[in-house]
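Peer 1: Got work-v9.txt for you, compact mmCIF, C-alpha atoms:
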```
# COMPACT_ATOMS: atom_id res chain seq x y z
CA MET R 963 91.24 29.30 26.69
CA LYS R 964 93.83 30.26 24.14
CA TRP R 965 93.51 33.39 22.08
CA SER R 966 93.84 31.36 18.89
CA ASN R 967 90.77 29.27 19.80
CA ILE R 968 88.77 32.40 20.64
CA LEU R 969 89.92 34.04 17.40
CA ASN R 970 89.03 30.93 15.35
CA ARG R 971 85.55 30.76 16.93
CA GLY R 972 85.02 34.45 16.29
CA LEU R 973 86.07 34.10 12.66
CA ALA R 974 83.80 31.07 12.20
CA GLY R 975 80.87 33.02 13.66
CA LEU R 976 81.63 35.98 11.42
CA ALA R 977 81.79 33.69 8.33
CA ALA R 978 78.41 32.16 9.25
CA ALA R 979 76.89 35.65 9.72
CA LEU R 980 78.26 36.77 6.33
CA ALA R 981 76.93 33.65 4.64
CA LEU R 982 73.44 34.25 6.06
CA ALA R 983 73.52 37.88 5.12
CA SER R 984 74.42 37.12 1.51
CA THR R 985 71.79 34.39 1.02
CA PRO R 986 68.82 35.77 -0.96
CA ALA R 987 65.50 35.62 0.81
CA ALA R 988 62.99 33.15 -0.57
CA ALA R 989 60.08 35.40 0.30
CA ASP R 990 59.55 38.77 1.83
CA PRO R 991 58.33 39.01 5.45
CA ALA R 992 54.70 39.10 4.35
CA GLY R 993 55.14 35.75 2.62
CA THR R 994 54.55 37.02 -0.90
CA TYR R 995 55.89 34.70 -3.56
CA ILE R 996 56.32 35.47 -7.24
CA ARG R 997 55.73 32.78 -9.83
CA LYS R 998 56.37 33.36 -13.52
CA LEU R 999 54.52 31.31 -16.07
CA TYR R 1000 56.26 30.59 -19.33
CA PHE R 1001 54.34 29.95 -22.51
CA THR R 1002 54.75 30.22 -26.23
CA PRO R 1003 52.63 32.98 -27.75
CA PRO R 1004 50.17 32.01 -30.47
CA PRO R 1005 51.65 32.23 -33.98
CA ALA R 1006 49.68 35.36 -34.92
CA GLU R 1007 50.99 37.15 -31.81
CA ALA R 1008 54.57 36.00 -32.45
CA CYS R 1009 54.20 37.24 -36.04
CA ALA R 1010 53.05 40.68 -34.84
CA GLU R 1011 55.89 40.90 -32.31
CA ALA R 1012 58.43 40.06 -35.03
CA ALA R 1013 57.03 42.77 -37.31
CA GLU R 1014 57.16 45.34 -34.48
CA ARG R 1015 60.86 44.77 -33.92
CA THR R 1016 63.09 46.94 -36.06
CA GLY R 1017 65.93 45.52 -38.09
CA GLN R 1018 66.15 42.44 -40.21
CA ALA R 1019 63.35 39.93 -40.49
CA SER R 1020 63.82 36.77 -38.49
CA ARG R 1021 63.20 33.32 -39.85
CA ASP R 1022 61.19 32.57 -36.69
CA GLY R 1023 58.95 35.58 -37.32
CA LEU R 1024 58.25 34.54 -40.90
CA GLN R 1025 57.57 30.98 -39.74
CA ALA R 1026 55.14 32.20 -37.07
CA CYS R 1027 53.27 34.24 -39.69
CA SER R 1028 53.04 31.24 -42.02
CA GLU R 1029 51.80 29.03 -39.18
CA ALA R 1030 49.10 31.58 -38.30
CA LEU R 1031 47.94 31.66 -41.92
CA GLU R 1032 47.77 27.86 -42.03
CA ASP R 1033 45.63 27.70 -38.88
CA PRO R 1034 42.02 27.08 -39.96
CA GLU R 1035 40.74 28.88 -36.86
CA THR R 1036 42.39 32.20 -37.81
CA ASP R 1037 39.55 34.62 -38.51
CA GLU R 1038 39.58 36.97 -41.50
CA GLU R 1039 40.57 40.09 -39.54
CA VAL R 1040 43.54 38.36 -37.91
CA ARG R 1041 44.47 36.77 -41.25
CA MET R 1042 44.64 40.22 -42.86
CA ALA R 1043 46.86 41.50 -40.03
CA VAL R 1044 49.14 38.47 -40.35
CA LEU R 1045 49.44 38.99 -44.10
CA THR R 1046 50.41 42.62 -43.48
CA ASN R 1047 52.97 41.67 -40.83
CA ARG R 1048 54.46 38.95 -43.04
CA ALA R 1049 54.67 41.47 -45.92
CA ILE R 1050 56.64 43.78 -43.62
CA LEU R 1051 58.99 40.93 -42.71
CA TYR R 1052 59.43 39.85 -46.34
CA ARG R 1053 60.17 43.47 -47.26
CA ARG R 1054 62.89 43.63 -44.60
CA ALA R 1055 64.31 40.35 -45.86
CA GLY R 1056 64.47 41.71 -49.42
CA LYS R 1057 61.86 39.24 -50.67
CA LEU R 1058 59.79 41.86 -52.44
CA ALA R 1059 57.79 39.50 -54.69
CA GLU R 1060 56.55 37.66 -51.60
CA ALA R 1061 55.81 40.96 -49.84
CA VAL R 1062 53.78 42.21 -52.81
CA SER R 1063 51.87 38.92 -52.93
CA ASP R 1064 50.93 39.23 -49.25
CA CYS R 1065 49.88 42.86 -49.76
CA GLU R 1066 47.69 41.89 -52.70
CA ALA R 1067 45.96 39.28 -50.55
CA ALA R 1068 45.57 41.64 -47.56
CA LEU R 1069 44.20 44.49 -49.66
CA ALA R 1070 41.81 42.17 -51.51
CA SER R 1071 40.32 41.03 -48.21
CA GLY R 1072 38.08 44.07 -48.08
CA GLN R 1073 39.17 44.68 -44.48
CA ALA R 1074 42.30 46.71 -45.12
CA VAL R 1075 42.94 49.00 -42.18
CA PRO R 1076 45.10 52.15 -42.41
CA GLY R 1077 48.18 50.27 -41.17
CA THR R 1078 47.84 47.75 -43.99
CA ILE R 1079 47.41 50.47 -46.60
CA ILE R 1080 50.44 52.41 -45.37
CA SER R 1081 52.64 49.32 -45.02
CA CYS R 1082 51.67 47.99 -48.43
CA GLY R 1083 52.27 51.40 -49.99
CA GLY R 1084 55.83 51.15 -48.69
CA VAL R 1085 56.14 47.63 -50.07
CA TYR R 1086 55.06 48.83 -53.52
CA VAL R 1087 57.58 51.69 -53.42
CA ASP R 1088 60.40 49.29 -52.52
CA ALA R 1089 59.24 46.82 -55.17
CA GLY R 1090 59.56 49.49 -57.88
CA GLN R 1091 55.81 49.97 -58.29
CA PRO R 1092 55.33 53.65 -57.36
CA GLU R 1093 52.14 53.97 -59.45
CA LYS R 1094 50.54 51.16 -57.46
CA ALA R 1095 51.79 52.79 -54.23
CA VAL R 1096 50.13 56.10 -55.16
CA GLN R 1097 46.91 54.29 -56.07
CA VAL R 1098 46.78 52.36 -52.78
CA LEU R 1099 47.90 55.23 -50.56
CA SER R 1100 45.54 57.75 -52.16
CA SER R 1101 42.59 55.52 -51.27
CA ALA R 1102 43.26 55.90 -47.53
CA ASP R 1103 41.18 58.19 -45.34
CA ILE R 1104 43.35 58.54 -42.25
CA SER R 1105 42.73 61.01 -39.45
CA ALA R 1106 45.32 59.95 -36.84
CA PRO R 1107 48.33 62.33 -37.11
CA GLU R 1108 50.90 59.61 -36.39
CA LEU R 1109 49.50 57.59 -39.28
CA GLN R 1110 49.09 60.62 -41.55
CA SER R 1111 52.81 61.37 -41.31
CA ARG R 1112 53.64 57.85 -42.48
CA LEU R 1113 51.01 57.96 -45.22
CA TYR R 1114 52.31 61.28 -46.56
CA HIS R 1115 55.92 60.11 -46.28
CA ASN R 1116 55.20 57.02 -48.37
CA LEU R 1117 53.31 59.17 -50.90
CA ALA R 1118 56.37 61.44 -51.06
CA LEU R 1119 58.59 58.44 -51.79
CA ALA R 1120 56.25 57.18 -54.49
CA HIS R 1121 55.99 60.58 -56.20
CA HIS R 1122 59.76 60.99 -55.99
CA ASP R 1123 60.25 57.64 -57.74
CA LEU R 1124 57.82 58.82 -60.43
CA GLY R 1125 59.95 61.94 -60.96
CA GLN R 1126 57.22 64.18 -59.53
CA TYR R 1127 59.52 66.08 -57.19
CA ALA R 1128 57.22 69.02 -56.46
CA ALA R 1129 54.45 66.64 -55.36
CA ALA R 1130 56.97 64.66 -53.30
CA TYR R 1131 58.12 67.85 -51.56
CA ASP R 1132 54.52 68.86 -50.85
CA TYR R 1133 53.84 65.48 -49.24
CA LEU R 1134 56.96 65.85 -47.09
CA ASP R 1135 55.56 69.18 -45.89
CA LYS R 1136 52.24 67.48 -45.10
CA ALA R 1137 54.02 64.70 -43.20
CA LEU R 1138 55.89 67.24 -41.10
CA ALA R 1139 52.72 69.27 -40.52
CA ALA R 1140 50.97 66.13 -39.26
CA GLU R 1141 53.90 65.17 -37.03
CA PRO R 1142 56.50 67.92 -36.58
CA GLY R 1143 59.99 66.51 -36.42
CA PHE R 1144 59.03 63.18 -38.08
CA ALA R 1145 62.61 62.05 -38.71
CA PRO R 1146 62.27 60.15 -42.01
CA SER R 1147 60.49 63.09 -43.68
CA ALA R 1148 62.78 65.70 -42.13
CA GLU R 1149 65.86 63.81 -43.36
CA LEU R 1150 64.43 63.39 -46.86
CA LYS R 1151 63.27 67.00 -47.08
CA ALA R 1152 66.80 68.17 -46.21
CA LEU R 1153 68.01 66.50 -49.42
CA TYR R 1154 65.72 68.64 -51.58
CA ARG R 1155 66.77 72.02 -52.92
CA VAL R 1156 64.01 74.50 -53.63
CA VAL R 1157 64.53 76.80 -56.59
CA GLU R 1158 62.28 79.65 -57.62
CA ALA R 1159 60.69 79.38 -61.04
CA GLU R 1160 61.77 82.14 -63.39
```
Using structure tokens, write down the structure that the file contains.

Peer 2:
Amino acid sequence: MKWSNILNRGLAGLAAALALASTPAAADPAGTYIRKLYFTPPPAEACAEAAERTGQASRDGLQACSEALEDPETDEEVRMAVLTNRAILYRRAGKLAEAVSDCEAALASGQAVPGTIISCGGVYVDAGQPEKAVQVLSSADISAPELQSRLYHNLALAHHDLGQYAAAYDYLDKALAAEPGFAPSAELKALYRVVEAE
């Protein structure tokens, strides 16, 4: 046998061994298979996911919220949450009149949870209605520290817009006491200059 034939056979065998080694296994030795099911989340869930994402509001998120509100099987508690989430998305999109309208509906439901109150307080601040923000935010009885920091921060913003800087500063202190290092309040507090009264 010629060396070239032996070399060619050896190279062919090596190529086949490399090809087998690089082929992904279809299942592990125990025979476990993984199957992933794909589905579209219900509109209320898609609405909530869109509101949880930071950044600009997506058209798909707003559409999902609207679809959830049009669904006759959406119960009142879910409807209130969807209104809150859509208000957040409208706020991000700069559609403040629509955001205020959704907040009015959510707050009128009688089932406003702390998240709704805090979010709508922020909507009212952005919409240039700091008095309404103070009214809504002051009605909240919130014990969770992570929510207190956001409540106090939004109250600080509202009082600042009303020209009540001392009250705004006090609420920033409360926000940072509830959640030390809360970045939005820490950044805003750094912009204030405290002067002693003479």

Peer 1: Between CA of Leu1119 (chain R) and CA of Asp1132 (chain R), what is the distance in Å, rounded to a tenth?

Peer 2: 11.2 Å

Peer 1: Taking all atoms of region 1043-1058 of chain R that the file lists, what box with edges along x, y and z, padded by 3 Å per side, do you get, with centre and edge lengths in Å to one decimal, as JSON?

Peer 2:
```
{"center_x": 55.7, "center_y": 41.1, "center_z": -46.2, "size_x": 23.6, "size_y": 11.3, "size_z": 18.4}
```

Peer 1: So that I can see what lies close to Gln1018 (chain R), please list as a ChimeraX atom specification the residues with an atom at most 10 Å from it, counting only C-alpha atoms and leaving out residues fewer than 6 positions away in the same chain.

Peer 2: /R:1012,1051-1056

Peer 1: Output C-alpha atoms of each residue in that selection to a file, as a PDB file, keeping the file's coordinate frame.

Peer 2:
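Result file selection19.pdb:
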```pdb
ATOM      1  CA  ALA R1012      58.430  40.060 -35.030  1.00  0.00           C
ATOM      2  CA  LEU R1051      58.990  40.930 -42.710  1.00  0.00           C
ATOM      3  CA  TYR R1052      59.430  39.850 -46.340  1.00  0.00           C
ATOM      4  CA  ARG R1053      60.170  43.470 -47.260  1.00  0.00           C
ATOM      5  CA  ARG R1054      62.890  43.630 -44.600  1.00  0.00           C
ATOM      6  CA  ALA R1055      64.310  40.350 -45.860  1.00  0.00           C
ATOM      7  CA  GLY R1056      64.470  41.710 -49.420  1.00  0.00           C
TER       8      GLY R1056
END
```

Peer 1: Kindly give the distance, in Å, that separates CA of Tyr1114 (chain R) and CA of Tyr1133 (chain R), rounded to a single decimal.

Peer 2: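 Going from CA of Tyr1114 (chain R) over to CA of Tyr1133 (chain R) covers 5.2 Å.
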
Peer 1: So which one's closest to Gln1126 (chain R), R:Ala1148, R:Ala1026, R:Val1096, R:Ala1139? Using all atoms listed in the file, please.

Peer 2: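 Using all atoms listed in the file, the shortest distance to Gln1126 (chain R) belongs to R:Val1096.
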
Peer 1: How close does each residue of region 1072-1091 of chain R get to region 1040-1043 of chain R, giving the shortest atom pair and distance in Å to one decimal for every residue with an atom at most 9 Å away, counting only C-alpha atoms, sorted by chain and residue number, as JSON lines?

Peer 2:
```
{"residue": "R:Gln1073", "atom": "CA", "partner": "R:Met1042", "partner_atom": "CA", "distance": 7.2}
{"residue": "R:Ala1074", "atom": "CA", "partner": "R:Met1042", "partner_atom": "CA", "distance": 7.3}
{"residue": "R:Val1075", "atom": "CA", "partner": "R:Ala1043", "partner_atom": "CA", "distance": 8.7}
{"residue": "R:Gly1077", "atom": "CA", "partner": "R:Ala1043", "partner_atom": "CA", "distance": 8.9}
{"residue": "R:Thr1078", "atom": "CA", "partner": "R:Ala1043", "partner_atom": "CA", "distance": 7.5}
```

Peer 1: My list of candidates is R:Glu1039, R:Glu1158, R:Ala1128, R:Arg1048. Which is closest to Gln1025 (chain R) when distances are computed with only C-alpha atoms?

Peer 2: R:Arg1048

Peer 1: CA of Ser1081 (chain R) and CA of Ala1095 (chain R), how far apart in Å?

Peer 2: 9.9 Å

Peer 1: Residues at most 10 Å from Ala1059 (chain R), counting only C-alpha atoms, excluding those fewer than 3 positions away in the same chain, as a VMD selection string?

Peer 2: chain R and resid 1049 1052 to 1053 1056 1062 to 1065 1085 to 1086 1089

Peer 1: Identify which of the residues R:Leu1124, R:Glu1060, R:Arg1155, R:Ala1130 lies closest to Gly1090 (chain R), counting all atoms listed in the file when measuring atom-to-atom distances.

Peer 2: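 Checking each candidate against Gly1090 (chain R), we get R:Leu1124 as the closest.
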
Peer 1: Applying 8 Å and all atoms listed in the file, which residues near Leu1138 (chain R) remain after dropping the ones on its own chain fewer than 5 positions away? List them as a list of chain:residue names.

Peer 2: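 That gives R:Ser1111, R:Gly1143, R:Phe1144, R:Ser1147, R:Ala1148.
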
Peer 1: So which residues are close to (48.4, 57.6, -49.9), meaning at most 12 Å away in the file's coordinates with only C-alpha atoms counted, and can you show them as a PyMOL selection string?

Peer 2: chain R and resi 1076-1084+1086-1087+1092-1104+1109-1121+1130+1133+1136-1137

Peer 1: Determine the nearest neighbour of Lys1151 (chain R) from the options R:Lys1057, R:Arg1015, R:Arg1021, R:His1122, counting all atoms listed in the file.

Peer 2: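 The answer is R:His1122, which sits nearest to Lys1151 (chain R).
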
Peer 1: Should you be able to, write region 1038-1083 of chain R of this structure into a file that contains N, CA and C atoms, as a CSV table (one decimal), in the first residue's frame.

Peer 2:
```
chain,number,residue,atom,x,y,z
R,1038,GLU,N,-61.8,44.4,38.2
R,1038,GLU,CA,-61.6,45.8,38.6
R,1038,GLU,C,-60.2,46.0,39.1
R,1039,GLU,N,-59.7,45.0,39.9
R,1039,GLU,CA,-58.3,45.2,40.4
R,1039,GLU,C,-57.3,45.2,39.3
R,1040,VAL,N,-57.4,44.3,38.3
R,1040,VAL,CA,-56.5,44.2,37.2
R,1040,VAL,C,-56.7,45.5,36.3
R,1041,ARG,N,-57.9,45.9,36.2
R,1041,ARG,CA,-58.2,47.2,35.4
R,1041,ARG,C,-57.4,48.4,36.0
R,1042,MET,N,-57.5,48.5,37.3
R,1042,MET,CA,-56.8,49.6,38.0
R,1042,MET,C,-55.3,49.5,37.8
R,1043,ALA,N,-54.7,48.3,37.8
R,1043,ALA,CA,-53.3,48.1,37.6
R,1043,ALA,C,-52.9,48.5,36.2
R,1044,VAL,N,-53.8,48.1,35.2
R,1044,VAL,CA,-53.5,48.4,33.8
R,1044,VAL,C,-53.6,49.9,33.6
R,1045,LEU,N,-54.6,50.6,34.2
R,1045,LEU,CA,-54.6,52.0,34.1
R,1045,LEU,C,-53.4,52.7,34.6
R,1046,THR,N,-52.9,52.2,35.7
R,1046,THR,CA,-51.7,52.8,36.3
R,1046,THR,C,-50.5,52.5,35.4
R,1047,ASN,N,-50.3,51.3,34.9
R,1047,ASN,CA,-49.2,51.0,34.0
R,1047,ASN,C,-49.3,51.8,32.7
R,1048,ARG,N,-50.5,52.0,32.1
R,1048,ARG,CA,-50.7,52.8,30.9
R,1048,ARG,C,-50.3,54.2,31.2
R,1049,ALA,N,-50.7,54.7,32.4
R,1049,ALA,CA,-50.3,56.1,32.8
R,1049,ALA,C,-48.8,56.3,32.8
R,1050,ILE,N,-48.1,55.3,33.3
R,1050,ILE,CA,-46.7,55.3,33.4
R,1050,ILE,C,-46.1,55.4,31.9
R,1051,LEU,N,-46.7,54.6,31.1
R,1051,LEU,CA,-46.2,54.6,29.7
R,1051,LEU,C,-46.5,55.9,28.9
R,1052,TYR,N,-47.7,56.4,29.2
R,1052,TYR,CA,-48.1,57.7,28.6
R,1052,TYR,C,-47.1,58.8,29.1
R,1053,ARG,N,-46.8,58.7,30.4
R,1053,ARG,CA,-45.9,59.7,31.0
R,1053,ARG,C,-44.6,59.7,30.3
R,1054,ARG,N,-44.1,58.5,30.1
R,1054,ARG,CA,-42.8,58.3,29.4
R,1054,ARG,C,-42.8,58.8,27.9
R,1055,ALA,N,-44.0,58.7,27.3
R,1055,ALA,CA,-44.1,59.1,25.9
R,1055,ALA,C,-44.4,60.6,25.8
R,1056,GLY,N,-44.5,61.3,26.9
R,1056,GLY,CA,-44.8,62.7,26.9
R,1056,GLY,C,-46.3,63.1,26.7
R,1057,LYS,N,-47.1,62.1,26.8
R,1057,LYS,CA,-48.6,62.3,26.6
R,1057,LYS,C,-49.2,62.5,28.0
R,1058,LEU,N,-49.0,63.6,28.6
R,1058,LEU,CA,-49.3,63.8,30.0
R,1058,LEU,C,-50.8,64.0,30.2
R,1059,ALA,N,-51.6,64.5,29.2
R,1059,ALA,CA,-53.0,64.6,29.4
R,1059,ALA,C,-53.6,63.2,29.5
R,1060,GLU,N,-53.1,62.3,28.7
R,1060,GLU,CA,-53.6,60.9,28.7
R,1060,GLU,C,-53.2,60.2,30.0
R,1061,ALA,N,-52.0,60.5,30.5
R,1061,ALA,CA,-51.5,59.9,31.7
R,1061,ALA,C,-52.4,60.4,32.9
R,1062,VAL,N,-52.7,61.7,32.9
R,1062,VAL,CA,-53.5,62.2,34.0
R,1062,VAL,C,-54.9,61.6,33.9
R,1063,SER,N,-55.5,61.4,32.7
R,1063,SER,CA,-56.8,60.8,32.6
R,1063,SER,C,-56.8,59.4,33.1
R,1064,ASP,N,-55.8,58.6,32.8
R,1064,ASP,CA,-55.7,57.2,33.4
R,1064,ASP,C,-55.5,57.2,34.9
R,1065,CYS,N,-54.8,58.2,35.4
R,1065,CYS,CA,-54.6,58.3,36.9
R,1065,CYS,C,-55.9,58.7,37.5
R,1066,GLU,N,-56.7,59.6,36.9
R,1066,GLU,CA,-58.0,59.9,37.5
R,1066,GLU,C,-58.9,58.7,37.6
R,1067,ALA,N,-58.9,57.9,36.5
R,1067,ALA,CA,-59.7,56.7,36.5
R,1067,ALA,C,-59.2,55.7,37.5
R,1068,ALA,N,-57.9,55.5,37.6
R,1068,ALA,CA,-57.4,54.5,38.6
R,1068,ALA,C,-57.6,54.9,40.0
R,1069,LEU,N,-57.4,56.2,40.3
R,1069,LEU,CA,-57.6,56.7,41.7
R,1069,LEU,C,-59.1,56.7,42.1
R,1070,ALA,N,-60.0,56.9,41.1
R,1070,ALA,CA,-61.4,56.9,41.3
R,1070,ALA,C,-62.0,55.5,41.6
R,1071,SER,N,-61.2,54.5,41.3
R,1071,SER,CA,-61.7,53.1,41.4
R,1071,SER,C,-62.0,52.7,42.8
R,1072,GLY,N,-61.4,53.4,43.7
R,1072,GLY,CA,-61.5,53.0,45.1
R,1072,GLY,C,-60.6,51.9,45.5
R,1073,GLN,N,-59.8,51.4,44.6
R,1073,GLN,CA,-58.9,50.3,44.9
R,1073,GLN,C,-57.4,50.7,44.7
R,1074,ALA,N,-57.1,52.0,44.8
R,1074,ALA,CA,-55.8,52.5,44.6
R,1074,ALA,C,-54.8,52.0,45.6
R,1075,VAL,N,-53.8,51.3,45.1
R,1075,VAL,CA,-52.8,50.7,45.9
R,1075,VAL,C,-51.6,51.7,46.0
R,1076,PRO,N,-50.7,51.5,46.9
R,1076,PRO,CA,-49.6,52.5,47.1
R,1076,PRO,C,-48.8,52.7,45.8
R,1077,GLY,N,-48.6,51.7,44.9
R,1077,GLY,CA,-47.9,51.9,43.7
R,1077,GLY,C,-48.7,52.9,42.8
R,1078,THR,N,-50.0,52.8,42.8
R,1078,THR,CA,-50.8,53.7,41.9
R,1078,THR,C,-50.7,55.1,42.5
R,1079,ILE,N,-50.8,55.3,43.8
R,1079,ILE,CA,-50.7,56.6,44.4
R,1079,ILE,C,-49.4,57.2,44.1
R,1080,ILE,N,-48.3,56.5,44.2
R,1080,ILE,CA,-46.9,57.0,44.0
R,1080,ILE,C,-46.7,57.4,42.5
R,1081,SER,N,-47.1,56.4,41.6
R,1081,SER,CA,-47.0,56.7,40.2
R,1081,SER,C,-47.8,57.9,39.7
R,1082,CYS,N,-49.0,57.9,40.2
R,1082,CYS,CA,-49.9,59.1,39.8
R,1082,CYS,C,-49.4,60.4,40.4
R,1083,GLY,N,-48.8,60.3,41.6
R,1083,GLY,CA,-48.2,61.6,42.1
R,1083,GLY,C,-47.1,62.1,41.2
```
